[in-house]
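Enquirer: Data file entry10.cif (mmCIF, C-alpha atoms) is appended below.
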data_entry
loop_
_atom_site.group_PDB
_atom_site.id
_atom_site.type_symbol
_atom_site.label_atom_id
_atom_site.label_comp_id
_atom_site.auth_asym_id
_atom_site.auth_seq_id
_atom_site.Cartn_x
_atom_site.Cartn_y
_atom_site.Cartn_z
ATOM 1 C CA MET A 1467 140.997 55.063 109.159
ATOM 2 C CA SER A 1468 141.941 52.158 107.008
ATOM 3 C CA ASN A 1469 139.731 49.123 107.478
ATOM 4 C CA PHE A 1470 142.580 46.816 106.735
ATOM 5 C CA PHE A 1471 144.860 48.171 109.393
ATOM 6 C CA SER A 1472 142.172 48.433 112.008
ATOM 7 C CA THR A 1473 140.761 44.967 111.497
ATOM 8 C CA ARG A 1474 144.051 43.168 111.153
ATOM 9 C CA CYS A 1475 145.773 44.196 114.327
ATOM 10 C CA ASP A 1476 143.924 47.133 115.812
ATOM 11 C CA LEU A 1477 146.626 49.571 114.890
ATOM 12 C CA ILE A 1478 145.675 53.197 114.901
ATOM 13 C CA PHE A 1479 146.595 54.535 111.541
ATOM 14 C CA VAL A 1480 147.710 58.096 111.057
ATOM 15 C CA PRO A 1481 144.582 59.980 109.942
ATOM 16 C CA ILE A 1482 145.836 61.819 106.920
ATOM 17 C CA LYS A 1483 143.235 62.413 104.290
ATOM 18 C CA SER A 1484 145.339 61.619 101.289
ATOM 19 C CA LYS A 1485 147.433 58.950 99.665
ATOM 20 C CA MET A 1486 150.256 60.153 101.880
ATOM 21 C CA ASN A 1487 148.932 57.968 104.664
ATOM 22 C CA LYS A 1488 150.685 55.041 103.017
ATOM 23 C CA GLU A 1489 153.987 56.685 103.778
ATOM 24 C CA PHE A 1490 153.860 56.695 107.566
ATOM 25 C CA VAL A 1491 154.109 53.911 110.080
ATOM 26 C CA PRO A 1492 151.110 53.557 112.412
ATOM 27 C CA TYR A 1493 151.135 55.207 115.786
ATOM 28 C CA GLU A 1494 151.715 52.074 117.851
ATOM 29 C CA LEU A 1495 154.684 51.021 115.781
ATOM 30 C CA ALA A 1496 156.146 54.529 115.933
ATOM 31 C CA LEU A 1497 155.801 54.340 119.694
ATOM 32 C CA ARG A 1498 157.617 51.008 119.826
ATOM 33 C CA LEU A 1499 160.318 52.331 117.508
ATOM 34 C CA GLY A 1500 160.797 55.260 119.871
ATOM 35 C CA SER A 1501 161.149 52.828 122.772
ATOM 36 C CA LEU A 1502 163.876 51.028 120.835
ATOM 37 C CA GLY A 1503 165.765 54.294 120.434
ATOM 38 C CA PHE A 1504 164.607 55.495 117.035
ATOM 39 C CA ASP A 1505 165.365 59.216 117.068
ATOM 40 C CA GLU A 1506 165.904 60.234 113.460
ATOM 41 C CA PRO A 1507 164.551 63.448 111.941
ATOM 42 C CA CYS A 1508 161.047 62.818 110.603
ATOM 43 C CA PHE A 1509 158.579 64.574 108.368
ATOM 44 C CA ALA A 1510 155.853 64.451 110.951
ATOM 45 C CA TYR A 1511 154.986 63.819 114.560
ATOM 46 C CA LEU A 1512 151.996 63.392 116.837
ATOM 47 C CA ASP A 1513 151.561 66.126 119.396
ATOM 48 C CA CYS A 1514 150.464 65.448 122.953
ATOM 49 C CA ASP A 1515 146.800 65.491 121.885
ATOM 50 C CA ARG A 1516 147.603 62.994 119.129
ATOM 51 C CA ASN A 1517 147.174 65.493 116.344
ATOM 52 C CA PHE A 1518 149.208 64.671 113.289
ATOM 53 C CA ILE A 1519 151.600 67.519 112.488
ATOM 54 C CA PHE A 1520 153.732 67.868 109.366
ATOM 55 C CA ASN A 1521 156.942 69.530 110.446
ATOM 56 C CA GLU A 1522 160.300 68.287 109.296
ATOM 57 C CA THR A 1523 162.244 71.085 110.929
ATOM 58 C CA LYS A 1524 161.175 70.507 114.520
ATOM 59 C CA THR A 1525 164.083 69.345 116.628
ATOM 60 C CA ASN A 1526 162.942 69.558 120.240
ATOM 61 C CA PHE A 1527 160.231 67.161 121.324
ATOM 62 C CA LEU A 1528 158.217 66.850 124.507
ATOM 63 C CA ASP A 1529 158.036 63.445 126.137
ATOM 64 C CA CYS A 1530 154.432 63.066 125.045
ATOM 65 C CA GLU A 1531 155.194 63.864 121.397
ATOM 66 C CA ILE A 1532 155.965 60.998 119.054
ATOM 67 C CA LYS A 1533 157.987 61.101 115.882
ATOM 68 C CA ILE A 1534 156.273 59.339 112.994
ATOM 69 C CA PRO A 1535 158.776 57.906 110.507
ATOM 70 C CA THR A 1536 158.010 56.760 107.007
ATOM 71 C CA PHE A 1537 158.296 53.062 106.284
ATOM 72 C CA SER A 1538 161.499 53.553 104.306
ATOM 73 C CA GLN A 1539 163.040 55.473 107.207
ATOM 74 C CA ALA A 1540 162.124 52.698 109.605
ATOM 75 C CA PHE A 1541 163.505 49.975 107.347
ATOM 76 C CA ARG A 1542 166.700 51.965 106.795
ATOM 77 C CA TRP A 1543 167.097 52.312 110.532
ATOM 78 C CA PHE A 1544 166.934 48.548 111.047
ATOM 79 C CA ARG A 1545 169.316 48.044 108.150
ATOM 80 C CA GLU A 1546 171.916 50.499 109.432
ATOM 81 C CA LYS A 1547 171.595 50.007 113.161
ATOM 82 C CA TYR A 1548 170.948 46.279 113.451
ATOM 83 C CA ASN A 1549 172.081 44.854 110.088
ATOM 84 C CA LEU A 1550 168.546 43.550 109.630
ATOM 85 C CA LEU A 1551 167.685 43.559 105.952
ATOM 86 C CA ASN A 1552 164.194 42.873 104.762
ATOM 87 C CA GLU A 1553 162.448 42.227 101.491
ATOM 88 C CA ILE A 1554 158.774 42.521 100.712
ATOM 89 C CA VAL A 1555 158.171 40.834 97.408
ATOM 90 C CA PHE A 1556 155.472 39.759 95.071
ATOM 91 C CA TYR A 1557 154.766 36.079 95.395
ATOM 92 C CA ARG A 1558 152.410 33.943 93.419
ATOM 93 C CA ASP A 1559 150.010 32.251 95.731
ATOM 94 C CA ASP A 1560 149.364 28.893 94.070
ATOM 95 C CA LEU A 1561 146.311 28.139 96.125
ATOM 96 C CA ARG A 1562 144.552 31.399 95.567
ATOM 97 C CA THR A 1563 145.997 31.896 92.086
ATOM 98 C CA LYS A 1564 146.133 35.586 92.579
ATOM 99 C CA ARG A 1565 148.633 38.152 93.620
ATOM 100 C CA ALA A 1566 150.097 38.098 97.055
ATOM 101 C CA TYR A 1567 153.113 39.447 98.905
ATOM 102 C CA TRP A 1568 155.377 38.025 101.500
ATOM 103 C CA PHE A 1569 158.455 39.157 103.357
ATOM 104 C CA THR A 1570 161.778 37.818 104.512
ATOM 105 C CA ILE A 1571 164.247 39.159 107.050
ATOM 106 C CA PHE A 1572 167.975 38.437 107.183
ATOM 107 C CA LYS A 1573 170.347 39.313 109.964
ATOM 108 C CA TRP A 1574 173.830 40.047 108.650
ATOM 109 C CA ASP A 1575 176.944 39.843 110.740
ATOM 110 C CA GLU A 1576 178.894 42.946 111.692
ATOM 111 C CA LYS A 1577 181.154 42.807 108.642
ATOM 112 C CA MET A 1578 178.179 42.118 106.392
ATOM 113 C CA THR A 1579 179.812 38.978 105.054
ATOM 114 C CA SER A 1580 177.393 36.290 106.174
ATOM 115 C CA ARG A 1581 173.753 36.248 106.977
ATOM 116 C CA GLU A 1582 171.284 34.334 109.031
ATOM 117 C CA PHE A 1583 167.773 33.746 107.874
ATOM 118 C CA VAL A 1584 165.802 35.241 110.722
ATOM 119 C CA ARG A 1585 162.316 34.999 109.516
ATOM 120 C CA ALA A 1586 160.090 34.388 106.571
ATOM 121 C CA ASN A 1587 156.420 34.658 107.096
ATOM 122 C CA ASN A 1588 155.657 30.968 107.516
ATOM 123 C CA ASN A 1589 153.571 30.652 104.411
ATOM 124 C CA LEU A 1590 151.539 33.667 105.307
ATOM 125 C CA PHE A 1591 150.718 35.803 102.336
ATOM 126 C CA TYR A 1592 149.485 39.343 102.255
ATOM 127 C CA LEU A 1593 147.074 40.584 99.676
ATOM 128 C CA THR A 1594 148.709 43.972 99.324
ATOM 129 C CA TYR A 1595 152.243 45.260 99.468
ATOM 130 C CA GLU A 1596 151.256 47.583 102.295
ATOM 131 C CA GLU A 1597 149.935 44.709 104.378
ATOM 132 C CA GLY A 1598 153.226 42.847 103.938
ATOM 133 C CA GLU A 1599 155.181 45.997 104.697
ATOM 134 C CA LEU A 1600 153.332 46.516 107.940
ATOM 135 C CA ALA A 1601 153.729 42.895 109.032
ATOM 136 C CA CYS A 1602 157.429 43.041 108.190
ATOM 137 C CA LEU A 1603 157.992 46.155 110.254
ATOM 138 C CA GLU A 1604 156.140 44.651 113.199
ATOM 139 C CA LYS A 1605 158.356 41.603 112.966
ATOM 140 C CA LEU A 1606 161.536 43.671 112.831
ATOM 141 C CA ILE A 1607 160.468 45.546 115.939
ATOM 142 C CA GLU A 1608 159.633 42.300 117.680
ATOM 143 C CA ILE A 1609 163.037 40.803 116.803
ATOM 144 C CA VAL A 1610 164.903 43.742 118.307
ATOM 145 C CA GLU A 1611 162.617 43.941 121.328
ATOM 146 C CA GLN A 1612 163.251 40.278 122.054
ATOM 147 C CA SER A 1613 167.009 40.629 121.553
ATOM 148 C CA LYS A 1614 167.011 43.396 124.156
ATOM 149 C CA LEU A 1615 165.258 41.177 126.656
ATOM 150 C CA LYS A 1616 167.943 38.519 126.432
ATOM 151 C CA MET B 1431 166.342 63.958 105.590
ATOM 152 C CA GLU B 1432 168.020 64.347 102.226
ATOM 153 C CA LYS B 1433 168.574 60.633 101.869
ATOM 154 C CA GLU B 1434 164.819 60.073 101.967
ATOM 155 C CA PHE B 1435 164.374 61.729 98.595
ATOM 156 C CA VAL B 1436 165.259 60.588 95.116
ATOM 157 C CA PRO B 1437 167.838 62.803 93.406
ATOM 158 C CA TYR B 1438 166.604 65.753 91.407
ATOM 159 C CA GLY B 1439 167.673 64.235 88.083
ATOM 160 C CA LEU B 1440 165.610 61.104 88.647
ATOM 161 C CA ALA B 1441 162.662 63.161 89.921
ATOM 162 C CA LEU B 1442 162.784 65.111 86.679
ATOM 163 C CA ARG B 1443 162.663 61.906 84.648
ATOM 164 C CA LEU B 1444 159.836 60.594 86.827
ATOM 165 C CA GLY B 1445 157.964 63.840 86.178
ATOM 166 C CA SER B 1446 158.435 63.343 82.453
ATOM 167 C CA LEU B 1447 156.890 59.877 82.813
ATOM 168 C CA GLY B 1448 153.843 61.387 84.471
ATOM 169 C CA PHE B 1449 154.662 61.049 88.149
ATOM 170 C CA ASP B 1450 152.430 63.588 89.852
ATOM 171 C CA GLU B 1451 151.747 62.242 93.332
ATOM 172 C CA ARG B 1452 151.559 64.426 96.386
ATOM 173 C CA CYS B 1453 155.041 64.733 97.885
ATOM 174 C CA PHE B 1454 156.792 66.161 100.906
ATOM 175 C CA ARG B 1455 159.038 68.266 98.734
ATOM 176 C CA TYR B 1456 158.750 70.213 95.523
ATOM 177 C CA GLU B 1457 161.324 71.972 93.383
ATOM 178 C CA SER B 1458 160.796 74.731 90.902
ATOM 179 C CA VAL B 1459 161.597 73.821 87.374
ATOM 180 C CA LYS B 1460 162.361 76.454 84.845
ATOM 181 C CA LYS B 1461 161.089 75.363 81.508
ATOM 182 C CA ILE B 1462 161.853 77.151 78.276
ATOM 183 C CA CYS B 1463 162.990 80.630 79.059
ATOM 184 C CA GLU B 1464 164.189 82.089 75.780
ATOM 185 C CA ASN B 1465 165.627 85.550 75.401
ATOM 186 C CA GLN B 1466 165.197 86.471 79.006
ATOM 187 C CA ALA B 1467 167.923 86.733 81.552
ATOM 188 C CA GLN B 1468 167.908 85.469 85.090
ATOM 189 C CA PRO B 1469 165.950 87.652 87.515
ATOM 190 C CA GLY B 1470 167.888 90.525 88.954
ATOM 191 C CA GLY B 1471 167.059 90.779 92.615
ATOM 192 C CA CYS B 1472 163.473 89.743 92.131
ATOM 193 C CA GLN B 1473 162.276 88.150 95.356
ATOM 194 C CA LEU B 1474 159.030 86.569 94.221
ATOM 195 C CA PRO B 1475 159.350 82.829 94.607
ATOM 196 C CA ASN B 1476 158.191 81.743 91.186
ATOM 197 C CA VAL B 1477 159.700 84.443 89.061
ATOM 198 C CA HIS B 1478 162.465 83.227 86.855
ATOM 199 C CA CYS B 1479 162.197 84.995 83.534
ATOM 200 C CA ALA B 1480 162.011 88.420 84.947
ATOM 201 C CA TYR B 1481 163.439 90.677 82.319
ATOM 202 C CA PRO B 1482 162.470 93.459 81.929
ATOM 203 C CA LYS B 1483 159.984 93.284 84.788
ATOM 204 C CA CYS B 1484 159.395 90.934 87.659
ATOM 205 C CA THR B 1485 156.516 89.096 86.097
ATOM 206 C CA ILE B 1486 155.170 85.690 86.947
ATOM 207 C CA ASP B 1487 156.531 83.174 84.525
ATOM 208 C CA SER B 1488 153.853 80.665 83.642
ATOM 209 C CA SER B 1489 156.444 78.295 82.271
ATOM 210 C CA VAL B 1490 157.673 77.512 85.766
ATOM 211 C CA GLU B 1491 156.450 74.218 87.108
ATOM 212 C CA SER B 1492 156.556 72.672 90.494
ATOM 213 C CA LEU B 1493 158.305 69.318 90.341
ATOM 214 C CA PRO B 1494 157.353 66.744 92.985
ATOM 215 C CA ILE B 1495 160.381 65.099 94.606
ATOM 216 C CA PRO B 1496 159.256 61.703 95.867
ATOM 217 C CA THR B 1497 160.743 59.632 98.620
ATOM 218 C CA TRP B 1498 162.246 56.312 97.591
ATOM 219 C CA GLN B 1499 159.258 54.358 98.814
ATOM 220 C CA GLN B 1500 156.874 56.604 96.885
ATOM 221 C CA ALA B 1501 158.856 56.140 93.687
ATOM 222 C CA PHE B 1502 159.050 52.361 93.993
ATOM 223 C CA ARG B 1503 155.373 52.166 94.909
ATOM 224 C CA TRP B 1504 154.493 54.202 91.822
ATOM 225 C CA PHE B 1505 156.232 51.729 89.519
ATOM 226 C CA ARG B 1506 154.622 48.812 91.299
ATOM 227 C CA GLU B 1507 151.109 50.234 91.085
ATOM 228 C CA LYS B 1508 151.243 51.999 87.744
ATOM 229 C CA TYR B 1509 153.488 49.733 85.690
ATOM 230 C CA ASP B 1510 153.479 46.423 87.572
ATOM 231 C CA LEU B 1511 157.236 46.678 87.958
ATOM 232 C CA GLU B 1512 158.878 45.575 91.164
ATOM 233 C CA GLY B 1513 162.352 46.851 91.982
ATOM 234 C CA ILE B 1514 164.244 45.151 94.794
ATOM 235 C CA PRO B 1515 167.638 46.368 96.006
ATOM 236 C CA GLN B 1516 169.267 43.884 98.329
ATOM 237 C CA ARG B 1517 172.469 42.540 99.783
ATOM 238 C CA ALA B 1518 173.984 39.811 97.626
ATOM 239 C CA GLU B 1519 173.950 36.484 99.367
ATOM 240 C CA GLU B 1520 177.398 35.497 100.671
ATOM 241 C CA ARG B 1521 178.961 38.352 98.750
ATOM 242 C CA GLU B 1522 180.330 41.678 99.805
ATOM 243 C CA TRP B 1523 178.191 43.788 97.567
ATOM 244 C CA TYR B 1524 174.660 44.829 96.897
ATOM 245 C CA LYS B 1525 172.515 44.111 93.884
ATOM 246 C CA PHE B 1526 169.083 44.786 92.517
ATOM 247 C CA TRP B 1527 166.398 42.899 90.668
ATOM 248 C CA VAL B 1528 163.595 44.250 88.551
ATOM 249 C CA TYR B 1529 160.554 42.071 87.983
ATOM 250 C CA GLU B 1530 157.559 42.428 85.736
ATOM 251 C CA LEU B 1531 154.484 41.414 87.697
ATOM 252 C CA HIS B 1532 151.711 39.383 86.110
ATOM 253 C CA GLU B 1533 148.575 37.924 87.594
ATOM 254 C CA ASP B 1534 150.040 34.467 87.962
ATOM 255 C CA CYS B 1535 153.787 34.963 87.926
ATOM 256 C CA LYS B 1536 156.611 37.449 87.894
ATOM 257 C CA VAL B 1537 159.388 37.656 85.357
ATOM 258 C CA MET B 1538 162.834 39.021 86.093
ATOM 259 C CA ILE B 1539 163.693 41.534 83.410
ATOM 260 C CA SER B 1540 166.815 43.133 84.828
ATOM 261 C CA SER B 1541 169.475 42.496 87.416
ATOM 262 C CA GLU B 1542 172.767 44.124 88.308
ATOM 263 C CA ILE B 1543 175.312 43.358 90.995
ATOM 264 C CA GLN B 1544 178.417 44.746 92.638
ATOM 265 C CA PHE B 1545 177.192 47.919 94.245
ATOM 266 C CA THR B 1546 179.136 48.997 97.301
ATOM 267 C CA THR B 1547 176.194 50.211 99.346
ATOM 268 C CA TYR B 1548 172.466 49.641 99.608
ATOM 269 C CA ALA B 1549 171.917 53.270 98.594
ATOM 270 C CA GLU B 1550 173.876 52.750 95.364
ATOM 271 C CA ALA B 1551 171.858 49.666 94.510
ATOM 272 C CA GLU B 1552 168.630 51.521 95.287
ATOM 273 C CA LEU B 1553 169.668 54.401 93.051
ATOM 274 C CA ALA B 1554 170.614 52.117 90.183
ATOM 275 C CA CYS B 1555 167.422 50.126 90.621
ATOM 276 C CA LEU B 1556 165.232 53.206 90.346
ATOM 277 C CA GLY B 1557 167.252 54.388 87.355
ATOM 278 C CA LYS B 1558 166.637 51.040 85.679
ATOM 279 C CA LEU B 1559 162.890 51.208 86.368
ATOM 280 C CA ILE B 1560 162.764 54.652 84.790
ATOM 281 C CA GLU B 1561 164.804 53.490 81.814
ATOM 282 C CA ILE B 1562 162.514 50.506 81.236
ATOM 283 C CA VAL B 1563 159.412 52.665 81.157
ATOM 284 C CA GLU B 1564 161.095 55.361 79.062
ATOM 285 C CA ASN B 1565 162.105 52.754 76.497
ATOM 286 C CA ASN B 1566 158.602 51.331 76.357
ATOM 287 C CA LYS B 1567 156.954 54.663 75.714
#
Could you take the file, read its structure, and then write that structure out as structure tokens?
Expert:
Amino acid sequence: MSNFFSTRCDLIFVPIKSKMNKEFVPYELALRLGSLGFDEPCFAYLDCDRNFIFNETKTNFLDCEIKIPTFSQAFRWFREKYNLLNEIVFYRDDLRTKRAYWFTIFKWDEKMTSREFVRANNNLFYLTYEEGELACLEKLIEIVEQSKLK
Amino acid sequence: MEKEFVPYGLALRLGSLGFDERCFRYESVKKICENQAQPGGCQLPNVHCAYPKCTIDSSVESLPIPTWQQAFRWFREKYDLEGIPQRAEEREWYKFWVYELHEDCKVMISSEIQFTTYAEAELACLGKLIEIVENNK
């Protein structure tokens, strides 16, 4: 389990023993994506015992099984379904004088002609791209969750 | 799932640049195969130069086909190059930027606009990243 992910927000990270673990969104976020209606084909899923299974051809899922998308799949889904476009970019942190990342999110109108600045990360910087990516995805989920409550 | 993966042609160029990460998908690549015809009904998966017998061709390689995020991450981590496809502000097209990352700043080294879709901008952006590294080798 990644120390970063576990200490930052207690997310359970998919336990894959390789660099591939960077590709998949953590379990809790996959669960929240599923609750929002994410139902795209995925490379992997968690079975009912929370075992990570690579299987991109599986089409029928039990209620207790959870599809695990990659980050790019999740971001594409927000882009295409909600017109929410995000950027995770390198940003020079003047105070720390070392590399950092931050993210921005824009909500575009239906015709994709004008946009509203939904969220930057309020001067929060992330030391790695992956940390920014995770925070950005959490924020996207939160934005849609809140819009559904209204 | 096809849209998750970079096109074969770009994967081939990435392979030439040394991309060798673990991927979800691999393709067989037939390298030099002189004086031998295509296999005739040979069912073995990695047999390509099969004439006159169905023999394993050691010149066949397995080419990793990365997802988009893997490819962009590779350029960021290996070459300090950041590629960003995005929607152009107040415009009806997409664009991309390529930055060179340094310890204390980043420098834009390429930018193109007027792509119809995000996917087109993403494709062009990755192509530009590959081109930049190819030209620097």
Enquirer: For the file shown, what are the residues hit by the PyMOL selection byres ((chain B) within 12 of (chain A)), laid out as a ChimeraX atom specification?
Expert: /B:1431-1435,1450-1455,1496-1504,1506-1507,1510-1524,1526-1538,1546-1549,1552
Enquirer: Figure out the distance between atom CA of Leu1600 of chain A and atom CA of Phe1583 of chain A, please, to one decimal in Å.
Expert: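 Atom-to-atom, atom CA of Phe1583 of chain A to atom CA of Leu1600 of chain A, that is 19.3 Å.
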Enquirer: The PyMOL selection byres ((chain A and resi 1597) around 10) on the file shown: which residues, as a PyMOL selection string?
Expert: chain A and resi 1470-1471+1474+1554+1566-1568+1591-1596+1598-1602
Enquirer: So what do you get for atom CA of Thr1525 of chain A versus atom CA of Pro1494 of chain B, distance-wise?
Expert: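 So the two atoms, atom CA of Thr1525 of chain A and atom CA of Pro1494 of chain B, lie 24.7 Å apart.
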Enquirer: Which residues are near segment 1608-1613 of chain A? Cut-off 12 Å, all atoms listed in the file, ignore same chain within fewer than 3 positions. Put them as a ChimeraX atom specification.
Expert: /A:1495,1498-1504,1543-1545,1547-1550,1571-1573,1584-1585,1601-1605,1616
Enquirer: Could you tell me how far atom CA of Cys1555 of chain B sits from atom CA of Lys1533 of chain A, in Å to one decimal place?
Expert: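 So the two atoms, atom CA of Lys1533 of chain A and atom CA of Cys1555 of chain B, lie 29.1 Å apart.
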Enquirer: Please write the residues picked by the PyMOL selection byres ((chain A and resi 1518) around 10) on this file as an MDAnalysis selection string.
Expert: chainID A and resid 1480:1482 1493 1510:1517 1519:1521 1532:1534
Enquirer: Determine, counting all atoms listed in the file, which protein, DNA and RNA residues have an atom within 10 Å of an atom of Leu1442 of chain B; residues of the same chain fewer than 6 positions away are not included. Present the result as a list in words.
Expert: Val1436, Gly1448, Phe1449, Glu1457, Val1459, Leu1493, Pro1494 and Ile1495 of chain B
Enquirer: Show me the residues around (158.5, 56.1, 84.3) - criterion: an atom at most 6 Å away, all atoms listed in the file counted - as a list in words.
Expert: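 Collected hits near the coordinates: Leu1444, Leu1447, Ile1560, Val1563 and Glu1564 of chain B.
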Enquirer: Take every atom of segment 1536-1552 of chain B listed in the file, fit an axis-aligned box around them, add 8 Å per side, and give the centre and edge lengths in Å to one decimal as JSON.
Expert:
{"center_x": 167.9, "center_y": 45.4, "center_z": 91.5, "size_x": 38.5, "size_y": 31.8, "size_z": 32.2}
Enquirer: Once N, CA and C atoms are restored for segment 1496-1511 of chain A, what would the output be as a PDB file, keeping the file's coordinate frame?
Expert:
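Produced file part26.pdb, reproduced below:
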ATOM      1  N   ALA A1496     155.256  53.382 115.710  1.00  0.00           N
ATOM      2  CA  ALA A1496     156.146  54.529 115.933  1.00  0.00           C
ATOM      3  C   ALA A1496     156.525  54.613 117.410  1.00  0.00           C
ATOM      4  N   LEU A1497     155.556  54.317 118.247  1.00  0.00           N
ATOM      5  CA  LEU A1497     155.801  54.340 119.694  1.00  0.00           C
ATOM      6  C   LEU A1497     156.834  53.278 120.077  1.00  0.00           C
ATOM      7  N   ARG A1498     156.673  52.098 119.520  1.00  0.00           N
ATOM      8  CA  ARG A1498     157.617  51.008 119.826  1.00  0.00           C
ATOM      9  C   ARG A1498     159.002  51.298 119.248  1.00  0.00           C
ATOM     10  N   LEU A1499     159.026  51.933 118.080  1.00  0.00           N
ATOM     11  CA  LEU A1499     160.318  52.331 117.508  1.00  0.00           C
ATOM     12  C   LEU A1499     161.017  53.334 118.426  1.00  0.00           C
ATOM     13  N   GLY A1500     160.235  54.272 118.944  1.00  0.00           N
ATOM     14  CA  GLY A1500     160.797  55.260 119.871  1.00  0.00           C
ATOM     15  C   GLY A1500     161.366  54.580 121.107  1.00  0.00           C
ATOM     16  N   SER A1501     160.678  53.568 121.588  1.00  0.00           N
ATOM     17  CA  SER A1501     161.149  52.828 122.772  1.00  0.00           C
ATOM     18  C   SER A1501     162.451  52.091 122.487  1.00  0.00           C
ATOM     19  N   LEU A1502     162.632  51.724 121.213  1.00  0.00           N
ATOM     20  CA  LEU A1502     163.876  51.028 120.835  1.00  0.00           C
ATOM     21  C   LEU A1502     165.022  52.013 120.584  1.00  0.00           C
ATOM     22  N   GLY A1503     164.717  53.295 120.622  1.00  0.00           N
ATOM     23  CA  GLY A1503     165.765  54.294 120.434  1.00  0.00           C
ATOM     24  C   GLY A1503     165.737  55.019 119.099  1.00  0.00           C
ATOM     25  N   PHE A1504     164.699  54.775 118.315  1.00  0.00           N
ATOM     26  CA  PHE A1504     164.607  55.495 117.035  1.00  0.00           C
ATOM     27  C   PHE A1504     164.462  56.986 117.322  1.00  0.00           C
ATOM     28  N   ASP A1505     165.399  57.773 116.800  1.00  0.00           N
ATOM     29  CA  ASP A1505     165.365  59.216 117.068  1.00  0.00           C
ATOM     30  C   ASP A1505     165.865  60.000 115.866  1.00  0.00           C
ATOM     31  N   GLU A1506     165.472  59.568 114.695  1.00  0.00           N
ATOM     32  CA  GLU A1506     165.904  60.234 113.460  1.00  0.00           C
ATOM     33  C   GLU A1506     164.976  61.413 113.161  1.00  0.00           C
ATOM     34  N   PRO A1507     165.457  62.378 112.383  1.00  0.00           N
ATOM     35  CA  PRO A1507     164.551  63.448 111.941  1.00  0.00           C
ATOM     36  C   PRO A1507     163.418  62.848 111.111  1.00  0.00           C
ATOM     37  N   CYS A1508     162.217  63.348 111.325  1.00  0.00           N
ATOM     38  CA  CYS A1508     161.047  62.818 110.603  1.00  0.00           C
ATOM     39  C   CYS A1508     160.265  63.956 109.947  1.00  0.00           C
ATOM     40  N   PHE A1509     159.420  63.580 109.027  1.00  0.00           N
ATOM     41  CA  PHE A1509     158.579  64.574 108.368  1.00  0.00           C
ATOM     42  C   PHE A1509     157.421  65.014 109.254  1.00  0.00           C
ATOM     43  N   ALA A1510     157.071  64.181 110.196  1.00  0.00           N
ATOM     44  CA  ALA A1510     155.853  64.451 110.951  1.00  0.00           C
ATOM     45  C   ALA A1510     155.951  63.893 112.364  1.00  0.00           C
ATOM     46  N   TYR A1511     155.064  64.355 113.209  1.00  0.00           N
ATOM     47  CA  TYR A1511     154.986  63.819 114.560  1.00  0.00           C
ATOM     48  C   TYR A1511     153.558  63.940 115.073  1.00  0.00           C
TER      49      TYR A1511
END
